[in-house]
$ cat work.txt   # compact mmCIF, C-alpha atoms and all ligand atoms
# COMPACT_ATOMS: atom_id res chain seq x y z
CA MET B 285 0.00 0.00 0.00
CA LYS B 286 1.20 3.52 -0.84
CA VAL B 287 -0.02 6.49 1.17
CA GLY B 288 0.28 10.14 0.18
CA PHE B 289 0.14 13.35 2.17
CA ILE B 290 -0.73 16.75 0.71
CA GLY B 291 0.14 19.28 3.40
CA THR B 292 2.82 18.43 5.93
CA GLY B 293 2.13 21.06 8.58
CA SER B 294 1.22 20.24 12.15
CA MET B 295 -1.30 17.42 11.50
CA GLY B 296 0.15 16.03 8.26
CA SER B 297 3.56 15.54 9.86
CA LEU B 298 1.99 14.16 13.05
CA LEU B 299 0.09 11.51 11.06
CA ILE B 300 3.24 10.58 9.13
CA TYR B 301 5.11 10.25 12.44
CA ALA B 302 2.30 8.13 13.96
CA LEU B 303 2.12 5.79 10.94
CA ILE B 304 5.87 5.21 10.89
CA GLN B 305 6.42 5.10 14.65
CA SER B 306 3.59 2.58 15.14
CA GLY B 307 4.96 0.32 12.39
CA ALA B 308 1.82 0.74 10.26
CA LEU B 309 3.93 1.88 7.30
CA GLU B 310 7.55 2.06 6.28
CA PRO B 311 8.82 5.45 5.08
CA ARG B 312 9.20 4.08 1.52
CA GLN B 313 5.42 3.59 1.41
CA ILE B 314 4.84 7.32 1.94
CA ALA B 315 4.96 10.22 -0.56
CA ALA B 316 4.38 13.81 0.54
CA SER B 317 4.12 17.30 -0.90
CA ASN B 318 3.69 20.69 0.73
CA ARG B 319 3.28 24.27 -0.48
CA THR B 320 6.59 25.14 1.19
CA PRO B 321 8.82 22.27 -0.01
CA SER B 322 11.40 22.57 2.79
CA LYS B 323 8.92 20.96 5.21
CA VAL B 324 8.85 17.78 3.11
CA ARG B 325 12.63 17.87 2.75
CA GLN B 326 12.93 17.82 6.55
CA LEU B 327 10.60 14.80 6.72
CA SER B 328 12.56 12.90 4.07
CA LEU B 329 15.76 13.54 6.03
CA ARG B 330 14.11 12.37 9.23
CA TYR B 331 12.54 9.29 7.60
CA PRO B 332 14.93 8.00 4.92
CA GLY B 333 12.95 6.43 2.08
CA LEU B 334 9.96 8.80 2.35
CA HIS B 335 9.36 10.20 -1.14
CA GLU B 336 9.61 13.96 -1.51
CA SER B 337 7.11 14.73 -4.29
CA GLN B 338 7.73 17.73 -6.51
CA SER B 339 4.00 18.45 -6.80
CA ASN B 340 0.64 17.46 -5.32
CA ARG B 341 -0.14 15.59 -8.54
CA GLU B 342 2.97 13.46 -8.10
CA THR B 343 1.82 12.57 -4.57
CA VAL B 344 -1.53 11.39 -5.95
CA ILE B 345 0.01 9.43 -8.83
CA ARG B 346 2.29 7.53 -6.41
CA SER B 347 -0.43 6.70 -3.84
CA ASN B 348 -3.52 4.56 -3.24
CA ILE B 349 -4.74 6.55 -0.23
CA ILE B 350 -4.13 10.32 -0.05
CA PHE B 351 -4.62 12.40 3.08
CA LEU B 352 -5.44 16.07 2.42
CA CYS B 353 -3.95 17.86 5.44
CA VAL B 354 -4.53 21.48 4.46
CA LYS B 355 -6.80 24.09 6.04
CA PRO B 356 -10.49 24.19 5.02
CA LEU B 357 -10.28 27.15 2.63
CA GLU B 358 -7.28 25.60 0.83
CA PHE B 359 -9.23 22.45 -0.10
CA LYS B 360 -10.83 23.65 -3.30
CA HIS B 361 -7.51 24.88 -4.67
CA VAL B 362 -5.83 21.53 -3.90
CA ILE B 363 -8.74 19.54 -5.40
CA ASP B 364 -8.66 21.58 -8.64
CA ASP B 365 -4.91 21.03 -8.81
CA ILE B 366 -4.98 17.21 -8.41
CA LEU B 367 -8.25 16.50 -10.28
CA PRO B 368 -6.62 15.56 -13.65
CA VAL B 369 -4.66 12.69 -12.03
CA VAL B 370 -7.32 11.29 -9.66
CA ASN B 371 -8.97 8.02 -10.74
CA SER B 372 -11.91 6.05 -9.36
CA ASN B 373 -9.68 3.68 -7.35
CA HIS B 374 -8.04 6.40 -5.28
CA ILE B 375 -9.17 6.96 -1.70
CA ILE B 376 -8.96 10.63 -0.75
CA VAL B 377 -9.23 11.46 2.93
CA SER B 378 -10.01 14.89 4.35
CA ILE B 379 -8.87 15.57 7.89
CA THR B 380 -10.80 18.75 8.41
CA SER B 381 -14.25 18.92 9.98
CA PRO B 382 -16.19 21.57 7.96
CA VAL B 383 -15.33 20.09 4.55
CA GLN B 384 -18.35 17.87 3.83
CA LEU B 385 -18.46 14.53 2.04
CA ARG B 386 -20.83 16.16 -0.49
CA HIS B 387 -18.13 18.77 -1.28
CA LEU B 388 -15.60 16.02 -1.92
CA GLU B 389 -17.91 13.61 -3.75
CA SER B 390 -19.23 16.32 -6.05
CA SER B 391 -15.76 17.46 -7.07
CA LEU B 392 -13.77 14.20 -7.15
CA PRO B 393 -14.36 10.99 -9.16
CA CYS B 394 -12.90 8.74 -6.43
CA LYS B 395 -13.74 7.23 -3.04
CA VAL B 396 -13.69 9.73 -0.18
CA SER B 397 -13.66 9.66 3.60
CA LYS B 398 -13.33 12.20 6.35
CA ILE B 399 -11.08 11.40 9.30
CA ILE B 400 -10.75 13.76 12.24
CA PRO B 401 -7.45 13.00 13.97
CA SER B 402 -6.23 14.18 17.37
CA VAL B 403 -2.93 15.37 18.75
CA THR B 404 -3.18 12.40 21.15
CA HIS B 405 -2.11 10.11 18.26
CA GLN B 406 1.43 11.38 18.86
CA VAL B 407 1.51 8.99 21.82
CA GLY B 408 -0.49 6.21 20.14
CA SER B 409 -3.71 7.17 21.87
CA GLY B 410 -7.11 8.82 21.37
CA ALA B 411 -10.02 8.33 18.98
CA SER B 412 -9.79 9.00 15.23
CA LEU B 413 -13.25 9.92 13.97
CA CYS B 414 -14.24 8.19 10.71
CA ILE B 415 -16.96 9.37 8.34
CA HIS B 416 -16.99 7.37 5.13
CA GLY B 417 -18.45 8.40 1.78
CA GLU B 418 -20.88 6.19 -0.13
CA ARG B 419 -18.24 5.05 -2.64
CA MET B 420 -16.10 3.50 0.10
CA THR B 421 -16.62 -0.29 0.05
CA PRO B 422 -16.55 -2.30 3.30
CA GLU B 423 -12.98 -3.41 2.31
CA ASP B 424 -11.89 0.22 1.73
CA ARG B 425 -13.28 1.20 5.13
CA SER B 426 -11.50 -1.62 6.89
CA VAL B 427 -8.18 -0.87 5.14
CA LEU B 428 -8.36 2.79 6.19
CA GLU B 429 -9.49 2.05 9.74
CA GLY B 430 -6.85 -0.69 9.94
CA LEU B 431 -4.15 1.91 9.26
CA LEU B 432 -5.56 4.26 11.90
CA SER B 433 -5.90 1.47 14.46
CA HIS B 434 -2.10 1.22 14.71
CA PHE B 435 -1.99 4.49 16.67
CA SER B 436 -5.60 5.34 17.61
CA ARG B 437 -9.08 3.97 18.20
CA PRO B 438 -11.08 4.44 14.97
CA TYR B 439 -14.61 5.56 15.83
CA GLN B 440 -17.32 5.78 13.17
CA VAL B 441 -19.58 8.82 13.57
CA ASP B 442 -22.42 10.42 11.59
CA GLU B 443 -21.39 13.43 9.57
CA ALA B 444 -24.14 15.45 11.30
CA CYS B 445 -22.25 14.91 14.58
CA THR B 446 -18.84 15.87 13.20
CA ARG B 447 -18.50 19.06 15.21
CA ILE B 448 -19.53 17.81 18.63
CA THR B 449 -17.50 14.60 18.34
CA SER B 450 -14.48 16.66 17.19
CA ASP B 451 -14.98 18.95 20.19
CA PHE B 452 -14.28 15.98 22.45
CA SER B 453 -11.62 14.04 20.55
CA SER B 454 -9.75 16.77 18.69
CA CYS B 455 -10.27 20.06 20.60
CA GLY B 456 -10.63 18.27 23.94
CA PRO B 457 -6.88 18.01 24.68
CA ALA B 458 -6.64 21.83 24.41
CA PHE B 459 -9.77 22.40 26.52
CA ILE B 460 -8.66 20.06 29.31
CA SER B 461 -5.12 21.48 29.18
CA PHE B 462 -6.53 24.97 29.64
CA PHE B 463 -8.44 23.77 32.69
CA LEU B 464 -5.28 22.16 34.11
CA GLU B 465 -3.14 25.22 33.34
CA GLN B 466 -5.50 27.48 35.34
CA TRP B 467 -5.52 24.99 38.22
CA ILE B 468 -1.73 24.62 38.21
CA GLU B 469 -1.14 28.40 38.13
CA SER B 470 -3.40 28.88 41.16
CA ALA B 471 -1.65 26.02 42.95
CA VAL B 472 1.78 27.56 42.30
CA LYS B 473 0.60 31.02 43.35
CA LEU B 474 -1.30 29.97 46.49
CA THR B 475 0.69 27.03 47.84
CA GLY B 476 4.23 27.31 46.47
CA ILE B 477 4.17 23.83 44.90
CA LYS B 478 6.74 23.59 42.09
CA ARG B 479 5.12 24.01 38.67
CA ALA B 480 6.93 20.88 37.40
CA ASP B 481 5.53 18.79 40.28
CA ALA B 482 2.00 20.09 39.74
CA CYS B 483 2.27 19.40 35.96
CA ALA B 484 3.56 15.85 36.52
CA LEU B 485 0.83 15.04 39.03
CA ALA B 486 -1.88 16.54 36.82
CA GLY B 487 -0.67 14.47 33.85
CA GLU B 488 -0.60 11.22 35.84
CA MET B 489 -4.05 11.98 37.22
CA LEU B 490 -5.45 12.66 33.73
CA LEU B 491 -3.93 9.46 32.35
CA GLY B 492 -5.48 7.40 35.19
CA THR B 493 -8.82 9.16 34.84
CA GLY B 494 -8.84 8.41 31.11
CA LYS B 495 -8.19 4.75 31.82
CA LEU B 496 -10.99 4.60 34.41
CA LEU B 497 -13.39 6.12 31.85
CA THR B 498 -12.32 3.78 29.02
CA GLU B 499 -11.10 0.49 30.53
CA GLY B 500 -12.48 0.90 34.07
CA GLY B 501 -16.12 1.12 33.05
CA TYR B 502 -16.85 4.32 34.96
CA THR B 503 -19.01 7.20 33.74
CA PRO B 504 -17.88 10.72 34.76
CA GLN B 505 -20.79 10.86 37.19
CA GLU B 506 -19.90 7.52 38.81
CA LEU B 507 -16.28 8.59 39.14
CA GLN B 508 -17.25 11.73 41.05
CA ALA B 509 -19.44 9.68 43.37
CA ARG B 510 -16.58 7.19 43.90
CA VAL B 511 -14.14 9.93 44.99
CA ALA B 512 -16.38 12.43 46.76
CA VAL B 513 -17.43 11.34 50.24
CA PRO B 514 -20.60 13.24 51.22
CA GLY B 515 -19.62 16.26 53.33
CA GLY B 516 -15.92 15.78 52.49
CA ILE B 517 -13.37 18.05 50.86
CA THR B 518 -13.88 16.82 47.27
CA ALA B 519 -17.67 17.16 47.56
CA GLN B 520 -17.34 20.75 48.76
CA ALA B 521 -14.99 21.65 45.90
CA LEU B 522 -17.30 19.95 43.37
CA ALA B 523 -20.22 22.05 44.63
CA LEU B 524 -18.12 25.18 44.07
CA MET B 525 -17.27 24.12 40.50
CA LYS B 526 -20.89 23.30 39.74
CA ASN B 527 -21.87 26.87 40.63
CA SER B 528 -18.92 28.61 39.01
CA LEU B 529 -19.04 26.72 35.72
CA ASP B 530 -22.79 26.86 35.28
CA GLY B 531 -23.50 27.47 31.57
CA VAL B 532 -19.84 27.45 30.48
CA PHE B 533 -20.15 24.24 28.48
CA ASP B 534 -23.33 25.41 26.73
CA SER B 535 -21.39 28.50 25.65
CA LEU B 536 -18.39 26.41 24.63
CA ILE B 537 -20.55 24.24 22.37
CA HIS B 538 -22.26 27.31 20.87
CA THR B 539 -18.83 28.82 20.17
CA THR B 540 -17.39 25.79 18.36
CA HIS B 541 -20.61 25.21 16.41
CA ASP B 542 -20.98 28.86 15.35
CA LYS B 543 -17.41 28.86 13.98
CA TYR B 544 -18.09 25.55 12.21
CA GLU B 545 -21.23 26.97 10.55
CA GLU B 546 -19.26 30.06 9.49
CA ASP B 547 -16.53 27.89 7.88
CA LEU B 548 -19.17 25.65 6.31
CA SER B 549 -21.01 28.50 4.60
CA LYS B 550 -17.70 29.83 3.20
CA LEU B 551 -16.92 26.34 1.87
CA ASP B 552 -20.41 25.95 0.38
CA GLU B 553 -19.79 29.19 -1.52
CA VAL B 554 -16.35 28.12 -2.75
CA PHE B 555 -17.53 24.68 -3.89
CA ARG B 556 -20.75 26.07 -5.45
CA ALA B 557 -18.67 28.56 -7.47
CA GLY B 558 -16.58 25.63 -8.72
CA GLU B 559 -19.72 23.73 -9.74
CA ILE B 560 -21.07 26.74 -11.70
CA ASN B 561 -17.70 27.17 -13.47
CA ARG B 562 -17.70 23.48 -14.48
CA GLN B 563 -21.23 23.77 -15.90
CA GLN B 564 -20.27 26.86 -17.93
CA TYR B 565 -17.26 25.27 -19.64
N1 LIG B 601 -4.42 20.69 15.01
C1 LIG B 601 -5.23 19.71 15.33
O1 LIG B 601 -5.21 19.15 16.47
C2 LIG B 601 -6.20 19.19 14.30
C3 LIG B 601 -6.97 18.06 14.58
C4 LIG B 601 -7.82 17.57 13.63
C5 LIG B 601 -7.93 18.19 12.39
N2 LIG B 601 -7.20 19.30 12.14
C6 LIG B 601 -7.35 19.93 10.82
O2 LIG B 601 -6.19 19.67 10.05
C7 LIG B 601 -6.07 20.67 9.03
C8 LIG B 601 -4.63 21.09 8.95
O3 LIG B 601 -4.27 21.68 10.20
P1 LIG B 601 -2.76 21.90 10.61
O4 LIG B 601 -2.81 22.28 12.06
O5 LIG B 601 -1.92 20.76 10.18
O6 LIG B 601 -2.42 23.20 9.72
P2 LIG B 601 -0.97 23.69 9.24
O7 LIG B 601 0.05 23.37 10.26
O8 LIG B 601 -1.13 25.11 8.82
O9 LIG B 601 -0.67 22.79 7.96
C9 LIG B 601 -1.29 23.00 6.73
C10 LIG B 601 -0.24 22.68 5.68
O10 LIG B 601 -0.85 22.69 4.41
C11 LIG B 601 0.10 23.21 3.49
N3 LIG B 601 -0.56 23.68 2.28
C12 LIG B 601 -1.39 24.73 2.12
N4 LIG B 601 -1.79 24.83 0.83
C13 LIG B 601 -1.20 23.80 0.17
C14 LIG B 601 -1.22 23.37 -1.17
N5 LIG B 601 -1.92 24.01 -2.12
N6 LIG B 601 -0.49 22.29 -1.51
C15 LIG B 601 0.25 21.61 -0.57
N7 LIG B 601 0.31 21.99 0.72
C16 LIG B 601 -0.41 23.06 1.09
C17 LIG B 601 0.76 24.32 4.26
O11 LIG B 601 1.99 24.66 3.65
P3 LIG B 601 2.90 25.90 4.10
O12 LIG B 601 4.08 25.24 4.77
O13 LIG B 601 3.28 26.60 2.85
O14 LIG B 601 2.09 26.76 5.03
C18 LIG B 601 0.92 23.69 5.65
O15 LIG B 601 2.13 23.00 5.80
C19 LIG B 601 -7.00 21.81 9.44
O16 LIG B 601 -8.10 21.84 8.59
C20 LIG B 601 -7.44 21.46 10.84
O17 LIG B 601 -8.76 21.84 11.10
C21 LIG B 601 -6.32 19.81 13.05
$ encode --input "work.txt" --output "structure tokens" --more "lines below"
Ligand SMILES: NC(=O)c1ccc[n+]([C@@H]2O[C@H](COP(=O)([O-])OP(=O)(O)OC[C@H]3O[C@@H](n4cnc5c(N)ncnc54)[C@H](OP(=O)(O)O)[C@@H]3O)[C@@H](O)[C@H]2O)c1
Amino acid sequence: MKVGFIGTGSMGSLLIYALIQSGALEPRQIAASNRTPSKVRQLSLRYPGLHESQSNRETVIRSNIIFLCVKPLEFKHVIDDILPVVNSNHIIVSITSPVQLRHLESSLPCKVSKIIPSVTHQVGSGASLCIHGERMTPEDRSVLEGLLSHFSRPYQVDEACTRITSDFSSCGPAFISFFLEQWIESAVKLTGIKRADACALAGEMLLGTGKLLTEGGYTPQELQARVAVPGGITAQALALMKNSLDGVFDSLIHTTHDKYEEDLSKLDEVFRAGEINRQQY
């Protein structure tokens, strides 16, 4: 199997790292191209054998599965660029949430899927959200999910739930880290604990909590009940958080969804313009 990457910024290079590090692929099975070529050069030096394509079209020609790892508004430009060399056997995978399967299926003659990865894949962990297009056969789906399963837990979701599921799996590490950062800063300021100690303890705690919620069979509610003795210290602090954070998560979800809708309407415009141009010529 040959896998291509168009865009080797933060997520493209992370996925390449995860695929190689986990043993899913050897570098010689990967071809990559990027707008700024030096980024691919660095990857080919780091992973000898990885093919440094001279163009996005070359990446497509050399690959069976191609991950498009560019930002939402760059998609249409990349699709127009590669279109002449895409055939019906290619599998093209978008890693960005607002680009819809209908955008991809209406502009490409091949099989398409949407995968929302997470920074947690850097340590072989976390869910990779999978939304497959209609042209993906059961074998195609299992090949793609098989690749992802080397460094993540593939999780099929409905496209209508893309944003909220991405909030948890993809934005979640930033949200939880923000929460921990605020907690750690207060701890350093008020108690004198060393920042490094607080960070290490917070990380260990989060790792263990994640395991209890995945392998341990706990729900978040059950976990609180397990730790908080009625009338005890934890229970009192939980009551404080319940009051202070009232409504915060509603606002958080409105914020991510409003931005998603904004990106989606821009993309609808860009892809509709492309459709009209095709009909005119
Ligand atoms: N960050 C996350 O945790 C995360 C998680 C899930 C999904 N995503 C999604 O992943 C996508 C990429 O995010 P990112 O953080 O990786 O962004 P990024 O670091 O800016 O990487 C985007 C890359 O695309 C390249 N590029 C742009 N136009 C191109 C073209 N025409 N041909 C080839 N390469 C091109 C850019 O090249 P230059 O070097 O010239 O800029 C850049 O290296 C976004 O849509 C984001 O929503 C991100």
$ residues_around --input "work.txt" --residues "Lys360 (chain B)" --least-positions-apart "3" --cutoff "10 Å" --atoms "all atoms listed in the file" --output "count of residues only"
13
$ closest_atom_pairs --input "work.txt" --of "chain B" --to "ligand LIG 601 (chain B)" --cutoff "8 Å" --atoms "all atoms listed in the file" --output "JSON lines"
{"residue": "B:Ile290", "atom": "CA", "partner": "B:LIG601", "partner_atom": "C15", "distance": 5.1}
{"residue": "B:Gly291", "atom": "CA", "partner": "B:LIG601", "partner_atom": "O10", "distance": 3.7}
{"residue": "B:Thr292", "atom": "CA", "partner": "B:LIG601", "partner_atom": "O15", "distance": 4.6}
{"residue": "B:Gly293", "atom": "CA", "partner": "B:LIG601", "partner_atom": "O9", "distance": 3.3}
{"residue": "B:Ser294", "atom": "CA", "partner": "B:LIG601", "partner_atom": "O5", "distance": 3.7}
{"residue": "B:Met295", "atom": "CA", "partner": "B:LIG601", "partner_atom": "O5", "distance": 3.6}
{"residue": "B:Gly296", "atom": "CA", "partner": "B:LIG601", "partner_atom": "O5", "distance": 5.5}
{"residue": "B:Ser297", "atom": "CA", "partner": "B:LIG601", "partner_atom": "O5", "distance": 7.6}
{"residue": "B:Ser317", "atom": "CA", "partner": "B:LIG601", "partner_atom": "C15", "distance": 5.8}
{"residue": "B:Asn318", "atom": "CA", "partner": "B:LIG601", "partner_atom": "N7", "distance": 3.6}
{"residue": "B:Arg319", "atom": "CA", "partner": "B:LIG601", "partner_atom": "N7", "distance": 3.9}
{"residue": "B:Thr320", "atom": "CA", "partner": "B:LIG601", "partner_atom": "O13", "distance": 4.0}
{"residue": "B:Pro321", "atom": "CA", "partner": "B:LIG601", "partner_atom": "O12", "distance": 7.4}
{"residue": "B:Lys323", "atom": "CA", "partner": "B:LIG601", "partner_atom": "O12", "distance": 6.5}
{"residue": "B:Ser339", "atom": "CA", "partner": "B:LIG601", "partner_atom": "C15", "distance": 7.9}
{"residue": "B:Asn340", "atom": "CA", "partner": "B:LIG601", "partner_atom": "N6", "distance": 6.3}
{"residue": "B:Cys353", "atom": "CA", "partner": "B:LIG601", "partner_atom": "C8", "distance": 4.8}
{"residue": "B:Val354", "atom": "CA", "partner": "B:LIG601", "partner_atom": "O10", "distance": 3.9}
{"residue": "B:Lys355", "atom": "CA", "partner": "B:LIG601", "partner_atom": "O16", "distance": 3.6}
{"residue": "B:Pro356", "atom": "CA", "partner": "B:LIG601", "partner_atom": "O16", "distance": 4.9}
{"residue": "B:Glu358", "atom": "CA", "partner": "B:LIG601", "partner_atom": "N4", "distance": 5.5}
{"residue": "B:Phe359", "atom": "CA", "partner": "B:LIG601", "partner_atom": "N5", "distance": 7.7}
{"residue": "B:His361", "atom": "CA", "partner": "B:LIG601", "partner_atom": "N5", "distance": 6.2}
{"residue": "B:Val362", "atom": "CA", "partner": "B:LIG601", "partner_atom": "N5", "distance": 5.0}
{"residue": "B:Asp365", "atom": "CA", "partner": "B:LIG601", "partner_atom": "N5", "distance": 7.9}
{"residue": "B:Ile379", "atom": "CA", "partner": "B:LIG601", "partner_atom": "C5", "distance": 5.3}
{"residue": "B:Thr380", "atom": "CA", "partner": "B:LIG601", "partner_atom": "O16", "distance": 4.1}
{"residue": "B:Ser381", "atom": "CA", "partner": "B:LIG601", "partner_atom": "O17", "distance": 6.3}
{"residue": "B:Ile400", "atom": "CA", "partner": "B:LIG601", "partner_atom": "C4", "distance": 5.0}
{"residue": "B:Pro401", "atom": "CA", "partner": "B:LIG601", "partner_atom": "C4", "distance": 4.6}
{"residue": "B:Ser402", "atom": "CA", "partner": "B:LIG601", "partner_atom": "C3", "distance": 4.8}
{"residue": "B:Val403", "atom": "CA", "partner": "B:LIG601", "partner_atom": "O1", "distance": 5.0}
{"residue": "B:Ser450", "atom": "CA", "partner": "B:LIG601", "partner_atom": "C4", "distance": 7.6}
{"residue": "B:Ser454", "atom": "CA", "partner": "B:LIG601", "partner_atom": "C3", "distance": 5.1}
{"residue": "B:Cys455", "atom": "CA", "partner": "B:LIG601", "partner_atom": "O1", "distance": 6.6}
$ residues_around --input "work.txt" --residues "Pro438 (chain B)" --least-positions-apart "2" --cutoff "12 Å" --atoms "all atoms listed in the file" --output "PDB file with C-alpha atoms, in the coordinates of the input"
ATOM      1  CA  LYS B 398     -13.330  12.200   6.350  1.00  0.00           C
ATOM      2  CA  ILE B 399     -11.080  11.400   9.300  1.00  0.00           C
ATOM      3  CA  ILE B 400     -10.750  13.760  12.240  1.00  0.00           C
ATOM      4  CA  PRO B 401      -7.450  13.000  13.970  1.00  0.00           C
ATOM      5  CA  SER B 402      -6.230  14.180  17.370  1.00  0.00           C
ATOM      6  CA  HIS B 405      -2.110  10.110  18.260  1.00  0.00           C
ATOM      7  CA  GLY B 408      -0.490   6.210  20.140  1.00  0.00           C
ATOM      8  CA  SER B 409      -3.710   7.170  21.870  1.00  0.00           C
ATOM      9  CA  GLY B 410      -7.110   8.820  21.370  1.00  0.00           C
ATOM     10  CA  ALA B 411     -10.020   8.330  18.980  1.00  0.00           C
ATOM     11  CA  SER B 412      -9.790   9.000  15.230  1.00  0.00           C
ATOM     12  CA  LEU B 413     -13.250   9.920  13.970  1.00  0.00           C
ATOM     13  CA  CYS B 414     -14.240   8.190  10.710  1.00  0.00           C
ATOM     14  CA  ILE B 415     -16.960   9.370   8.340  1.00  0.00           C
ATOM     15  CA  HIS B 416     -16.990   7.370   5.130  1.00  0.00           C
ATOM     16  CA  ARG B 425     -13.280   1.200   5.130  1.00  0.00           C
ATOM     17  CA  SER B 426     -11.500  -1.620   6.890  1.00  0.00           C
ATOM     18  CA  VAL B 427      -8.180  -0.870   5.140  1.00  0.00           C
ATOM     19  CA  LEU B 428      -8.360   2.790   6.190  1.00  0.00           C
ATOM     20  CA  GLU B 429      -9.490   2.050   9.740  1.00  0.00           C
ATOM     21  CA  GLY B 430      -6.850  -0.690   9.940  1.00  0.00           C
ATOM     22  CA  LEU B 431      -4.150   1.910   9.260  1.00  0.00           C
ATOM     23  CA  LEU B 432      -5.560   4.260  11.900  1.00  0.00           C
ATOM     24  CA  SER B 433      -5.900   1.470  14.460  1.00  0.00           C
ATOM     25  CA  HIS B 434      -2.100   1.220  14.710  1.00  0.00           C
ATOM     26  CA  PHE B 435      -1.990   4.490  16.670  1.00  0.00           C
ATOM     27  CA  SER B 436      -5.600   5.340  17.610  1.00  0.00           C
ATOM     28  CA  GLN B 440     -17.320   5.780  13.170  1.00  0.00           C
ATOM     29  CA  VAL B 441     -19.580   8.820  13.570  1.00  0.00           C
ATOM     30  CA  SER B 453     -11.620  14.040  20.550  1.00  0.00           C
TER      31      SER B 453
END
$ atom_distance --input "work.txt" --atom1 "CA of Met285 (chain B)" --atom2 "CA of Pro382 (chain B)"
28.1 Å
$ atom_distance --input "work.txt" --atom1 "CA of Ala523 (chain B)" --atom2 "CA of Thr503 (chain B)"
18.5 Å
$ residues_around --input "work.txt" --residues "region 484-497 of chain B" --least-positions-apart "5" --cutoff "9 Å" --atoms "all atoms listed in the file" --output "PDB file with C-alpha atoms, keeping the file's coordinate frame"
ATOM      1  CA  LEU B 464      -5.280  22.160  34.110  1.00  0.00           C
ATOM      2  CA  ILE B 468      -1.730  24.620  38.210  1.00  0.00           C
ATOM      3  CA  ARG B 479       5.120  24.010  38.670  1.00  0.00           C
ATOM      4  CA  TYR B 502     -16.850   4.320  34.960  1.00  0.00           C
ATOM      5  CA  THR B 503     -19.010   7.200  33.740  1.00  0.00           C
ATOM      6  CA  PRO B 504     -17.880  10.720  34.760  1.00  0.00           C
ATOM      7  CA  LEU B 507     -16.280   8.590  39.140  1.00  0.00           C
TER       8      LEU B 507
END
$ atom_distance --input "work.txt" --atom1 "CA of His374 (chain B)" --atom2 "CA of Ile350 (chain B)"
7.6 Å
$ closest_residue --input "work.txt" --among "B:Val324, B:Ile366, B:Asn373, B:Glu443" --to "Arg386 (chain B)" --atoms "all atoms listed in the file"
B:Glu443
$ residues_around --input "work.txt" --residues "Ser347 (chain B)" --least-positions-apart "3" --cutoff "7 Å" --atoms "all atoms listed in the file" --output "ChimeraX atom specification"
/B:286-288,343-344,350
$ residues_around --input "work.txt" --residues "Phe533 (chain B)" --least-positions-apart "5" --cutoff "12 Å" --atoms "all atoms listed in the file" --output "number ranges by chain"
B: 448, 451-452, 459, 526, 528, 538-540
$ decode --input "work.txt" --residues "region 548-560 of chain B" --atoms "N, CA and C atoms" --output "PDB file, in the first residue's frame"
ATOM      1  N   LEU B 548     -18.382  26.464   7.244  1.00  0.00           N
ATOM      2  CA  LEU B 548     -19.170  25.648   6.311  1.00  0.00           C
ATOM      3  C   LEU B 548     -19.817  26.521   5.240  1.00  0.00           C
ATOM      4  N   SER B 549     -20.355  27.688   5.643  1.00  0.00           N
ATOM      5  CA  SER B 549     -21.005  28.504   4.599  1.00  0.00           C
ATOM      6  C   SER B 549     -19.973  29.076   3.628  1.00  0.00           C
ATOM      7  N   LYS B 550     -18.751  29.368   4.129  1.00  0.00           N
ATOM      8  CA  LYS B 550     -17.699  29.830   3.196  1.00  0.00           C
ATOM      9  C   LYS B 550     -17.359  28.709   2.208  1.00  0.00           C
ATOM     10  N   LEU B 551     -17.269  27.472   2.737  1.00  0.00           N
ATOM     11  CA  LEU B 551     -16.921  26.337   1.869  1.00  0.00           C
ATOM     12  C   LEU B 551     -18.024  26.049   0.857  1.00  0.00           C
ATOM     13  N   ASP B 552     -19.294  26.158   1.315  1.00  0.00           N
ATOM     14  CA  ASP B 552     -20.412  25.946   0.383  1.00  0.00           C
ATOM     15  C   ASP B 552     -20.292  26.916  -0.792  1.00  0.00           C
ATOM     16  N   GLU B 553     -19.933  28.167  -0.468  1.00  0.00           N
ATOM     17  CA  GLU B 553     -19.791  29.189  -1.516  1.00  0.00           C
ATOM     18  C   GLU B 553     -18.674  28.820  -2.495  1.00  0.00           C
ATOM     19  N   VAL B 554     -17.520  28.446  -1.920  1.00  0.00           N
ATOM     20  CA  VAL B 554     -16.354  28.118  -2.752  1.00  0.00           C
ATOM     21  C   VAL B 554     -16.658  26.925  -3.651  1.00  0.00           C
ATOM     22  N   PHE B 555     -17.275  25.877  -3.091  1.00  0.00           N
ATOM     23  CA  PHE B 555     -17.535  24.675  -3.890  1.00  0.00           C
ATOM     24  C   PHE B 555     -18.674  24.915  -4.892  1.00  0.00           C
ATOM     25  N   ARG B 556     -19.671  25.760  -4.511  1.00  0.00           N
ATOM     26  CA  ARG B 556     -20.750  26.069  -5.447  1.00  0.00           C
ATOM     27  C   ARG B 556     -20.202  26.844  -6.639  1.00  0.00           C
ATOM     28  N   ALA B 557     -19.286  27.771  -6.386  1.00  0.00           N
ATOM     29  CA  ALA B 557     -18.674  28.557  -7.470  1.00  0.00           C
ATOM     30  C   ALA B 557     -17.956  27.610  -8.433  1.00  0.00           C
ATOM     31  N   GLY B 558     -17.293  26.599  -7.886  1.00  0.00           N
ATOM     32  CA  GLY B 558     -16.580  25.634  -8.723  1.00  0.00           C
ATOM     33  C   GLY B 558     -17.548  24.855  -9.594  1.00  0.00           C
ATOM     34  N   GLU B 559     -18.698  24.501  -9.011  1.00  0.00           N
ATOM     35  CA  GLU B 559     -19.720  23.735  -9.738  1.00  0.00           C
ATOM     36  C   GLU B 559     -20.255  24.559 -10.909  1.00  0.00           C
ATOM     37  N   ILE B 560     -20.534  25.856 -10.642  1.00  0.00           N
ATOM     38  CA  ILE B 560     -21.073  26.738 -11.701  1.00  0.00           C
ATOM     39  C   ILE B 560     -20.042  26.872 -12.826  1.00  0.00           C
TER      40      ILE B 560
END
